[in-house]
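Q: start_3.cif is reproduced below (mmCIF, C-alpha atoms).
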```
data_query
#
loop_
_atom_site.group_PDB
_atom_site.id
_atom_site.type_symbol
_atom_site.label_atom_id
_atom_site.label_comp_id
_atom_site.auth_asym_id
_atom_site.auth_seq_id
_atom_site.Cartn_x
_atom_site.Cartn_y
_atom_site.Cartn_z
ATOM 1 C CA MET E 1 -1.704 8.775 6.170
ATOM 2 C CA LEU E 2 -2.564 7.626 2.662
ATOM 3 C CA LYS E 3 -6.038 8.210 1.280
ATOM 4 C CA LYS E 4 -8.276 5.161 1.548
ATOM 5 C CA LYS E 5 -8.702 4.925 -2.221
ATOM 6 C CA LEU E 6 -4.930 4.663 -2.647
ATOM 7 C CA GLN E 7 -4.619 2.203 0.230
ATOM 8 C CA ASP E 8 -7.279 -0.013 -1.295
ATOM 9 C CA ALA E 9 -5.590 0.084 -4.708
ATOM 10 C CA ILE E 10 -2.253 -0.891 -3.169
ATOM 11 C CA VAL E 11 -3.724 -3.780 -1.181
ATOM 12 C CA LYS E 12 -5.621 -5.051 -4.231
ATOM 13 C CA LEU E 13 -2.443 -5.161 -6.318
ATOM 14 C CA LYS E 14 -0.366 -6.775 -3.573
ATOM 15 C CA LEU E 15 -2.978 -9.460 -2.970
ATOM 16 C CA LYS E 16 -2.849 -10.239 -6.684
ATOM 17 C CA GLU E 17 0.959 -10.470 -6.613
ATOM 18 C CA VAL E 18 0.917 -12.705 -3.543
ATOM 19 C CA THR E 19 -1.724 -14.991 -5.054
ATOM 20 C CA GLN E 20 0.354 -15.428 -8.198
ATOM 21 C CA ILE E 21 3.415 -16.399 -6.174
ATOM 22 C CA LYS E 22 1.501 -18.937 -4.107
ATOM 23 C CA LYS E 23 0.010 -20.497 -7.243
ATOM 24 C CA LYS E 24 3.490 -21.169 -8.580
ATOM 25 C CA PHE E 25 5.220 -22.248 -5.372
ATOM 26 C CA GLU E 26 4.225 -23.945 -2.141
ATOM 27 C CA ILE E 27 5.016 -21.559 0.713
ATOM 28 C CA GLY E 28 6.876 -24.221 2.700
ATOM 29 C CA LEU E 29 9.268 -24.763 -0.196
ATOM 30 C CA ILE E 30 9.811 -21.012 -0.544
ATOM 31 C CA ARG E 31 10.568 -20.729 3.176
ATOM 32 C CA ASN E 32 13.067 -23.588 3.102
ATOM 33 C CA ALA E 33 14.760 -22.293 -0.035
ATOM 34 C CA VAL E 34 15.216 -18.804 1.400
ATOM 35 C CA PHE E 35 16.928 -20.114 4.527
ATOM 36 C CA SER E 36 19.667 -21.433 2.254
ATOM 37 C CA VAL E 37 20.211 -18.067 0.565
ATOM 38 C CA GLY E 38 23.527 -16.493 1.508
ATOM 39 C CA THR E 39 23.652 -12.718 1.278
ATOM 40 C CA ASP E 40 25.924 -10.043 2.714
ATOM 41 C CA PHE E 41 24.276 -8.404 5.721
ATOM 42 C CA ASN E 42 24.906 -4.840 6.862
ATOM 43 C CA SER E 43 22.986 -3.956 10.008
ATOM 44 C CA ALA E 44 21.022 -0.745 9.488
ATOM 45 C CA GLN E 45 20.597 -0.355 13.248
ATOM 46 C CA VAL E 46 24.351 -0.553 13.863
ATOM 47 C CA THR E 47 25.009 1.857 11.002
ATOM 48 C CA LEU E 48 22.456 4.354 12.327
ATOM 49 C CA ASN E 49 24.067 4.241 15.772
ATOM 50 C CA ASN E 50 27.594 4.592 14.378
ATOM 51 C CA SER E 51 28.970 7.954 15.468
ATOM 52 C CA LYS E 52 30.884 8.312 12.183
ATOM 53 C CA THR E 53 27.895 8.098 9.848
ATOM 54 C CA ILE E 54 25.160 10.620 9.071
ATOM 55 C CA PRO E 55 22.030 9.213 10.820
ATOM 56 C CA VAL E 56 19.730 9.873 7.872
ATOM 57 C CA ILE E 57 17.791 7.251 5.893
ATOM 58 C CA VAL E 58 17.388 8.330 2.272
ATOM 59 C CA PRO E 59 14.521 6.915 0.153
ATOM 60 C CA LEU E 60 15.323 5.888 -3.415
ATOM 61 C CA GLN E 61 12.305 5.590 -5.725
ATOM 62 C CA ARG E 62 11.299 6.768 -9.185
ATOM 63 C CA LYS E 63 7.714 7.773 -8.317
ATOM 64 C CA TYR E 64 6.399 10.000 -5.533
ATOM 65 C CA LEU E 65 3.680 7.895 -3.887
ATOM 66 C CA THR E 66 1.138 10.670 -3.343
ATOM 67 C CA GLY E 67 2.175 12.806 -6.315
ATOM 68 C CA ASN E 68 2.055 12.571 -10.083
ATOM 69 C CA GLY E 69 4.627 11.615 -12.688
ATOM 70 C CA GLU E 70 8.044 10.097 -12.180
ATOM 71 C CA ILE E 71 11.705 11.054 -12.269
ATOM 72 C CA GLU E 72 13.156 10.913 -15.755
ATOM 73 C CA ASN E 73 16.493 9.155 -16.186
ATOM 74 C CA TYR E 74 16.256 7.638 -12.704
ATOM 75 C CA GLU E 75 19.619 5.933 -12.094
ATOM 76 C CA PRO E 76 19.769 4.426 -8.581
ATOM 77 C CA PHE E 77 23.340 3.167 -9.028
ATOM 78 C CA LYS E 78 24.598 6.627 -10.001
ATOM 79 C CA ILE E 79 22.623 8.306 -7.211
ATOM 80 C CA THR E 80 23.962 5.778 -4.725
ATOM 81 C CA ARG E 81 27.559 6.486 -5.688
ATOM 82 C CA SER E 82 26.991 10.211 -5.165
ATOM 83 C CA LEU E 83 25.225 9.719 -1.833
ATOM 84 C CA SER E 84 27.823 7.298 -0.498
ATOM 85 C CA LYS E 85 30.381 10.100 -0.591
ATOM 86 C CA MET E 86 28.267 11.976 1.955
ATOM 87 C CA ASN E 87 28.783 9.234 4.554
ATOM 88 C CA LEU E 88 25.053 8.577 4.868
ATOM 89 C CA ALA E 89 23.830 5.761 7.063
ATOM 90 C CA VAL E 90 21.089 3.850 5.253
ATOM 91 C CA PHE E 91 19.102 3.759 1.978
ATOM 92 C CA LEU E 92 15.400 2.908 1.795
ATOM 93 C CA VAL E 93 15.096 1.271 -1.625
ATOM 94 C CA ALA E 94 11.704 0.860 -3.294
ATOM 95 C CA SER E 95 10.967 -2.553 -4.795
ATOM 96 C CA ASP E 96 7.325 -1.858 -5.676
ATOM 97 C CA ARG E 97 7.046 -1.112 -9.400
ATOM 98 C CA GLU E 98 3.480 0.181 -9.787
ATOM 99 C CA PHE E 99 3.196 2.817 -7.071
ATOM 100 C CA MET E 100 6.822 3.744 -6.325
ATOM 101 C CA GLY E 101 8.532 2.985 -9.620
ATOM 102 C CA GLY E 102 10.984 0.684 -7.884
ATOM 103 C CA ASP E 103 12.431 -2.679 -8.783
ATOM 104 C CA PRO E 104 13.705 -5.578 -6.627
ATOM 105 C CA ALA E 105 16.901 -5.542 -8.735
ATOM 106 C CA HIS E 106 17.669 -2.055 -7.398
ATOM 107 C CA ILE E 107 18.437 -3.524 -3.964
ATOM 108 C CA LYS E 108 21.528 -5.416 -5.097
ATOM 109 C CA LEU E 109 22.364 -2.607 -7.516
ATOM 110 C CA VAL E 110 22.461 -0.105 -4.661
ATOM 111 C CA LYS E 111 24.474 -2.454 -2.453
ATOM 112 C CA THR E 112 26.964 -2.823 -5.299
ATOM 113 C CA GLY E 113 27.238 0.950 -5.670
ATOM 114 C CA ALA E 114 28.150 1.484 -2.020
ATOM 115 C CA GLU E 115 28.871 -0.569 1.075
ATOM 116 C CA ILE E 116 25.781 0.629 2.867
ATOM 117 C CA SER E 117 22.757 -0.815 4.624
ATOM 118 C CA VAL E 118 19.603 -1.213 2.530
ATOM 119 C CA ILE E 119 16.056 -1.390 3.871
ATOM 120 C CA GLN E 120 13.512 -2.629 1.334
ATOM 121 C CA HIS E 121 10.419 -0.465 0.836
ATOM 122 C CA ASP E 122 7.351 -2.319 -0.351
ATOM 123 C CA PHE E 123 3.821 -2.820 0.943
ATOM 124 C CA PHE E 124 4.117 -5.973 3.019
ATOM 125 C CA ILE E 125 0.765 -7.671 3.534
ATOM 126 C CA ASP E 126 1.775 -11.355 3.406
ATOM 127 C CA GLU E 127 4.557 -13.492 4.847
ATOM 128 C CA VAL E 128 5.691 -14.681 1.411
ATOM 129 C CA GLN E 129 6.837 -11.139 0.562
ATOM 130 C CA ILE E 130 9.317 -11.315 3.441
ATOM 131 C CA TYR E 131 10.866 -14.460 1.973
ATOM 132 C CA GLN E 132 11.195 -12.594 -1.310
ATOM 133 C CA ALA E 133 12.917 -9.701 0.475
ATOM 134 C CA LYS E 134 15.537 -12.075 1.845
ATOM 135 C CA SER E 135 16.214 -13.478 -1.625
ATOM 136 C CA TYR E 136 16.707 -9.934 -2.973
ATOM 137 C CA GLY E 137 19.520 -9.316 -0.479
ATOM 138 C CA SER E 138 17.691 -6.810 1.746
ATOM 139 C CA ASP E 139 19.292 -5.984 5.094
ATOM 140 C CA GLY E 140 15.935 -4.930 6.480
ATOM 141 C CA ILE E 141 12.315 -4.302 5.543
ATOM 142 C CA LEU E 142 9.891 -1.492 6.362
ATOM 143 C CA LEU E 143 6.605 -2.728 7.835
ATOM 144 C CA ASP E 144 3.793 -0.172 7.834
ATOM 145 C CA SER E 145 0.956 -0.028 10.372
ATOM 146 C CA GLU E 146 -1.273 1.466 7.660
ATOM 147 C CA PHE E 147 -1.353 -1.998 6.060
ATOM 148 C CA LEU E 148 -0.821 -4.299 9.038
ATOM 149 C CA ASP E 149 -2.545 -4.619 12.412
ATOM 150 C CA SER E 150 -0.465 -4.996 15.565
ATOM 151 C CA LYS E 151 -0.704 -8.801 15.494
ATOM 152 C CA LYS E 152 0.694 -9.029 11.962
ATOM 153 C CA LEU E 153 3.350 -6.421 12.737
ATOM 154 C CA GLY E 154 4.577 -8.724 15.489
ATOM 155 C CA LEU E 155 4.377 -11.869 13.351
ATOM 156 C CA PHE E 156 6.120 -10.338 10.339
ATOM 157 C CA SER E 157 8.819 -8.822 12.551
ATOM 158 C CA GLU E 158 9.553 -12.267 13.953
ATOM 159 C CA VAL E 159 9.717 -13.818 10.467
ATOM 160 C CA ALA E 160 12.116 -11.139 9.237
ATOM 161 C CA PHE E 161 14.288 -11.515 12.331
ATOM 162 C CA GLN E 162 14.484 -15.288 11.916
ATOM 163 C CA LEU E 163 15.608 -14.798 8.318
ATOM 164 C CA GLY E 164 18.449 -12.519 9.412
ATOM 165 C CA MET E 165 16.869 -9.196 8.437
ATOM 166 C CA GLU E 166 16.001 -6.194 10.565
ATOM 167 C CA PRO E 167 12.326 -5.176 10.610
ATOM 168 C CA PHE E 168 11.718 -1.427 10.841
ATOM 169 C CA ILE E 169 8.198 -0.458 11.903
ATOM 170 C CA LYS E 170 6.360 2.651 10.694
ATOM 171 C CA ILE E 171 3.689 3.583 13.226
ATOM 172 C CA ASP E 172 1.174 6.277 14.106
ATOM 173 C CA SER E 173 0.909 5.260 17.765
ATOM 174 C CA THR E 174 2.951 3.139 20.168
ATOM 175 C CA THR E 175 -0.164 1.019 20.820
ATOM 176 C CA GLU E 176 0.564 -0.565 17.427
ATOM 177 C CA LEU E 177 3.742 -2.026 18.935
ATOM 178 C CA GLU E 178 2.047 -3.954 21.721
ATOM 179 C CA ASN E 179 2.597 -7.356 20.049
ATOM 180 C CA ILE E 180 6.222 -6.695 19.080
ATOM 181 C CA ASP E 181 9.364 -7.690 20.941
ATOM 182 C CA HIS E 182 11.449 -4.510 20.730
ATOM 183 C CA GLU E 183 14.634 -6.590 20.954
ATOM 184 C CA ILE E 184 14.135 -8.034 17.471
ATOM 185 C CA ILE E 185 13.373 -4.852 15.539
ATOM 186 C CA GLY E 186 15.838 -2.458 13.935
ATOM 187 C CA GLY E 187 13.999 0.762 14.670
ATOM 188 C CA VAL E 188 10.684 2.603 14.758
ATOM 189 C CA VAL E 189 9.638 5.226 12.190
ATOM 190 C CA ILE E 190 7.208 7.974 13.136
ATOM 191 C CA GLU E 191 5.817 10.976 11.299
ATOM 192 C CA LYS E 192 7.083 14.333 12.499
ATOM 193 C CA GLU E 193 3.549 15.324 13.540
ATOM 194 C CA GLY E 194 3.158 12.300 15.843
ATOM 195 C CA ILE E 195 6.375 12.643 17.781
ATOM 196 C CA SER E 196 4.934 14.187 20.960
ATOM 197 C CA GLY E 197 2.744 11.172 21.760
ATOM 198 C CA VAL E 198 5.613 8.726 21.257
ATOM 199 C CA LEU E 199 7.949 10.682 23.545
ATOM 200 C CA LYS E 200 5.498 10.283 26.436
ATOM 201 C CA SER E 201 5.060 6.537 26.008
ATOM 202 C CA GLU E 202 6.407 3.723 28.139
ATOM 203 C CA PHE E 203 7.619 1.972 24.992
ATOM 204 C CA TYR E 204 9.855 4.942 24.163
ATOM 205 C CA ARG E 205 11.393 4.808 27.640
ATOM 206 C CA ARG E 206 12.212 1.121 27.164
ATOM 207 C CA MET E 207 13.696 1.762 23.720
ATOM 208 C CA LYS E 208 16.026 4.432 25.099
ATOM 209 C CA GLU E 209 17.263 1.990 27.733
ATOM 210 C CA ALA E 210 17.677 -0.957 25.341
ATOM 211 C CA LYS E 211 20.985 -2.822 25.505
ATOM 212 C CA PRO E 212 23.619 -3.005 24.104
ATOM 213 C CA SER E 213 22.526 0.180 22.301
ATOM 214 C CA PRO E 214 19.336 2.282 22.166
ATOM 215 C CA LEU E 215 16.733 1.298 19.595
ATOM 216 C CA PRO E 216 16.598 4.029 16.927
ATOM 217 C CA VAL E 217 13.508 6.197 16.899
ATOM 218 C CA ILE E 218 13.435 7.629 13.380
ATOM 219 C CA VAL E 219 11.496 10.769 12.521
ATOM 220 C CA ARG E 220 10.140 11.062 8.984
ATOM 221 C CA THR E 221 10.589 14.641 7.909
ATOM 222 C CA PRO E 222 11.367 16.971 4.987
ATOM 223 C CA TRP E 223 14.620 18.937 4.932
ATOM 224 C CA LEU E 224 16.147 19.591 8.357
ATOM 225 C CA SER E 225 17.545 22.830 9.761
ATOM 226 C CA PRO E 226 20.097 23.098 12.604
ATOM 227 C CA ARG E 227 17.301 24.449 14.809
ATOM 228 C CA GLU E 228 15.142 21.374 14.166
ATOM 229 C CA ILE E 229 18.079 19.049 14.756
ATOM 230 C CA ASP E 230 18.750 20.709 18.120
ATOM 231 C CA TYR E 231 15.080 20.349 19.077
ATOM 232 C CA PHE E 232 15.029 16.627 18.306
ATOM 233 C CA ARG E 233 18.366 16.055 20.042
ATOM 234 C CA ASP E 234 16.924 17.646 23.174
ATOM 235 C CA GLN E 235 14.147 15.034 22.982
ATOM 236 C CA GLY E 236 16.690 12.226 22.656
ATOM 237 C CA ILE E 237 16.050 11.635 18.943
ATOM 238 C CA HIS E 238 19.004 11.485 16.562
ATOM 239 C CA HIS E 239 17.772 9.580 13.486
ATOM 240 C CA PHE E 240 15.788 10.782 10.486
ATOM 241 C CA LEU E 241 14.058 9.521 7.344
ATOM 242 C CA LEU E 242 13.639 11.989 4.494
ATOM 243 C CA ASN E 243 10.244 12.273 2.841
ATOM 244 C CA ASP E 244 9.877 10.147 -0.271
ATOM 245 C CA ASP E 245 9.604 13.253 -2.481
ATOM 246 C CA TRP E 246 13.097 14.572 -1.695
ATOM 247 C CA LEU E 247 14.488 13.654 -5.131
ATOM 248 C CA TRP E 248 11.830 15.831 -6.761
ATOM 249 C CA GLN E 249 13.374 18.956 -5.231
ATOM 250 C CA PRO E 250 15.485 21.171 -7.557
ATOM 251 C CA ASN E 251 19.176 20.284 -7.191
ATOM 252 C CA ALA E 252 18.218 17.621 -4.635
ATOM 253 C CA LEU E 253 21.700 16.143 -4.206
ATOM 254 C CA LYS E 254 23.313 19.532 -3.626
ATOM 255 C CA VAL E 255 20.578 20.556 -1.193
ATOM 256 C CA LEU E 256 21.059 17.296 0.727
ATOM 257 C CA GLU E 257 24.803 17.824 0.860
ATOM 258 C CA ARG E 258 24.343 21.352 2.258
ATOM 259 C CA MET E 259 21.865 20.051 4.840
ATOM 260 C CA ILE E 260 24.424 17.504 6.013
ATOM 261 C CA GLN E 261 27.215 20.066 6.144
ATOM 262 C CA ASN E 262 25.038 22.401 8.245
ATOM 263 C CA ASN E 263 23.818 19.754 10.678
ATOM 264 C CA TRP E 264 26.711 17.293 10.972
ATOM 265 C CA PRO E 265 29.924 19.209 10.152
ATOM 266 C CA ASP E 266 31.948 16.902 12.417
ATOM 267 C CA ARG E 267 31.055 13.761 10.445
ATOM 268 C CA GLN E 268 32.300 14.719 6.994
ATOM 269 C CA LEU E 269 34.968 12.638 5.313
#
```
Represent the structure from my file as structure tokens, please.
A:
Amino acid sequence: MLKKKLQDAIVKLKLKEVTQIKKKFEIGLIRNAVFSVGTDFNSAQVTLNNSKTIPVIVPLQRKYLTGNGEIENYEPFKITRSLSKMNLAVFLVASDREFMGGDPAHIKLVKTGAEISVIQHDFFIDEVQIYQAKSYGSDGILLDSEFLDSKKLGLFSEVAFQLGMEPFIKIDSTTELENIDHEIIGGVVIEKEGISGVLKSEFYRRMKEAKPSPLPVIVRTPWLSPREIDYFRDQGIHHFLLNDDWLWQPNALKVLERMIQNNWPDRQL
């Protein structure tokens, strides 16, 4: 959970950005224009469930949201090329400039660097931001229950789905999913500490039985050990999202490669 002061600062900035967009363009025109945008789509859900890929979502951002400073010489294209050799499943690419040091242009840059699924990471508080995400070429978006109530989570998921993107939902509790049709979302992200409550829920049972393939339950976690992987597999969980500070670790790319070799030796190219 983010501190309230940081949450308030984020919402204040996003409201300002949204207001500026709506002053320039009528939302109906934006909606109609976006429906005509043709972009290559790579399903993150399909990629995560592909037995040949590493089921890890890797965040790409210059700034650590709850830390200080930023990565010098941040080169998302170069990082992407290195990571693509590891047969990773999905990238979570920051588009927010102020708090994550991202850029909307990084989405297409990353997709150019590797044929991989890209989920856009921003702080979605208004429908118009979802239309923007489509125009950037995002395959999916991350919607966060820290900034959206259950009603808006459902509404925004439907908008993203209608635009041909996969909404991924970050939650603290399955009660936040009560207004969401699980058939239209790409996956659910939960913090490592909240996993026990989700495993006991009726929603989790339905997700496991979803057809044609189970809906990914994605655990947000720091580096994984074989022991942790075995524990989560026993619980029926096979997908992971690295913490957004992973690039700040010394020799981060080499550490990630070793983690993959230790946990998924059968999926190396």
Q: Report the closest atom pair, with its distance in Å rounded to one decimal, for each residue of range 124-171 of chain E that has an atom no farther than 12 Å from range 226-249 of chain E; count all atoms listed in the file, sort by chain and then rising residue number, and write it as CSV.
A:
```
residue,atom,partner,partner_atom,distance
E:Leu142,CA,E:Leu241,CA,11.8
E:Phe168,CA,E:Leu241,CA,11.7
E:Lys170,CA,E:Leu241,CA,10.8
```
Q: Calculated over all atoms listed in the file, which of the candidates E:Tyr74, E:Phe147, E:Phe161, E:Tyr131 has the smallest distance to Leu29 in chain E?
A: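 Smallest distance to Leu29 in chain E is found for E:Tyr131.
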Q: Can you tell me how far CA of Glu75 in chain E sits from CA of Ala89 in chain E, in Å to one decimal?
A: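 According to the coordinates, CA of Glu75 in chain E and CA of Ala89 in chain E are separated by 19.6 Å.
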Q: Which polymer residues have any atom within 6 Å of an atom of range 51-62 of chain E, counting only C-alpha atoms, with same-chain residues fewer than 3 positions away left out, as a PyMOL selection string?
A: chain E and resi 48+70-71+87-94+100-102+239-242+244+267
Q: In Å, with one decimal, what is the gap from CA of Ala9 in chain E to CA of Ser145 in chain E?
A: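 CA of Ser145 in chain E lies 16.4 Å from CA of Ala9 in chain E.
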Q: Could you give me range 179-211 of chain E completed to N, CA and C atoms, formatted as a short mmCIF file (atom, residue, chain, number, x, y, z; two decimals), keeping the file's coordinate frame?
A:
```cif
data_model
loop_
_atom_site.label_atom_id
_atom_site.label_comp_id
_atom_site.auth_asym_id
_atom_site.auth_seq_id
_atom_site.Cartn_x
_atom_site.Cartn_y
_atom_site.Cartn_z
N ASN E 179 2.32 -5.94 20.30
CA ASN E 179 2.60 -7.36 20.05
C ASN E 179 4.00 -7.59 19.50
N ILE E 180 4.89 -6.60 19.66
CA ILE E 180 6.22 -6.70 19.08
C ILE E 180 7.28 -6.72 20.17
N ASP E 181 8.20 -7.64 20.06
CA ASP E 181 9.36 -7.69 20.94
C ASP E 181 10.37 -6.65 20.44
N HIS E 182 10.58 -5.59 21.22
CA HIS E 182 11.45 -4.51 20.73
C HIS E 182 12.89 -4.96 20.53
N GLU E 183 13.26 -6.11 21.09
CA GLU E 183 14.63 -6.59 20.95
C GLU E 183 14.92 -7.17 19.58
N ILE E 184 13.89 -7.43 18.79
CA ILE E 184 14.14 -8.03 17.47
C ILE E 184 13.96 -7.04 16.33
N ILE E 185 13.58 -5.80 16.62
CA ILE E 185 13.37 -4.85 15.54
C ILE E 185 14.55 -3.89 15.41
N GLY E 186 14.70 -3.34 14.19
CA GLY E 186 15.84 -2.46 13.94
C GLY E 186 15.59 -1.03 14.35
N GLY E 187 14.32 -0.60 14.31
CA GLY E 187 14.00 0.76 14.67
C GLY E 187 12.53 1.04 14.42
N VAL E 188 12.07 2.19 14.90
CA VAL E 188 10.68 2.60 14.76
C VAL E 188 10.63 3.94 14.02
N VAL E 189 9.78 4.01 13.00
CA VAL E 189 9.64 5.23 12.19
C VAL E 189 8.33 5.91 12.55
N ILE E 190 8.40 7.21 12.82
CA ILE E 190 7.21 7.97 13.14
C ILE E 190 7.18 9.25 12.32
N GLU E 191 5.97 9.71 11.99
CA GLU E 191 5.82 10.98 11.30
C GLU E 191 6.17 12.11 12.26
N LYS E 192 6.69 13.18 11.69
CA LYS E 192 7.08 14.33 12.50
C LYS E 192 5.93 14.83 13.37
N GLU E 193 4.70 14.80 12.82
CA GLU E 193 3.55 15.32 13.54
C GLU E 193 3.16 14.46 14.75
N GLY E 194 3.56 13.19 14.77
CA GLY E 194 3.16 12.30 15.84
C GLY E 194 4.20 12.10 16.92
N ILE E 195 5.25 12.88 16.89
CA ILE E 195 6.38 12.64 17.78
C ILE E 195 6.04 12.86 19.25
N SER E 196 5.19 13.84 19.56
CA SER E 196 4.93 14.19 20.96
C SER E 196 4.31 13.02 21.73
N GLY E 197 3.37 12.30 21.09
CA GLY E 197 2.74 11.17 21.76
C GLY E 197 3.72 10.04 22.03
N VAL E 198 4.63 9.80 21.10
CA VAL E 198 5.61 8.73 21.26
C VAL E 198 6.58 9.04 22.40
N LEU E 199 6.99 10.29 22.51
CA LEU E 199 7.95 10.68 23.54
C LEU E 199 7.42 10.44 24.96
N LYS E 200 6.10 10.46 25.11
CA LYS E 200 5.50 10.28 26.44
C LYS E 200 5.22 8.84 26.78
N SER E 201 5.47 7.93 25.83
CA SER E 201 5.06 6.54 26.01
C SER E 201 6.07 5.72 26.80
N GLU E 202 5.56 4.66 27.42
CA GLU E 202 6.41 3.72 28.14
C GLU E 202 7.31 2.97 27.17
N PHE E 203 6.81 2.68 25.98
CA PHE E 203 7.62 1.97 24.99
C PHE E 203 8.86 2.78 24.63
N TYR E 204 8.71 4.10 24.50
CA TYR E 204 9.86 4.94 24.16
C TYR E 204 10.89 4.90 25.27
N ARG E 205 10.44 4.89 26.53
CA ARG E 205 11.39 4.81 27.64
C ARG E 205 12.20 3.51 27.57
N ARG E 206 11.52 2.41 27.26
CA ARG E 206 12.21 1.12 27.16
C ARG E 206 13.20 1.11 26.00
N MET E 207 12.81 1.74 24.89
CA MET E 207 13.70 1.76 23.72
C MET E 207 14.98 2.53 24.03
N LYS E 208 14.85 3.63 24.76
CA LYS E 208 16.03 4.43 25.10
C LYS E 208 16.99 3.66 25.99
N GLU E 209 16.44 2.74 26.79
CA GLU E 209 17.26 1.99 27.73
C GLU E 209 17.71 0.63 27.18
N ALA E 210 17.36 0.35 25.93
CA ALA E 210 17.68 -0.96 25.34
C ALA E 210 19.18 -1.19 25.30
N LYS E 211 19.58 -2.43 25.52
CA LYS E 211 20.98 -2.82 25.50
C LYS E 211 21.23 -3.81 24.36
#
```
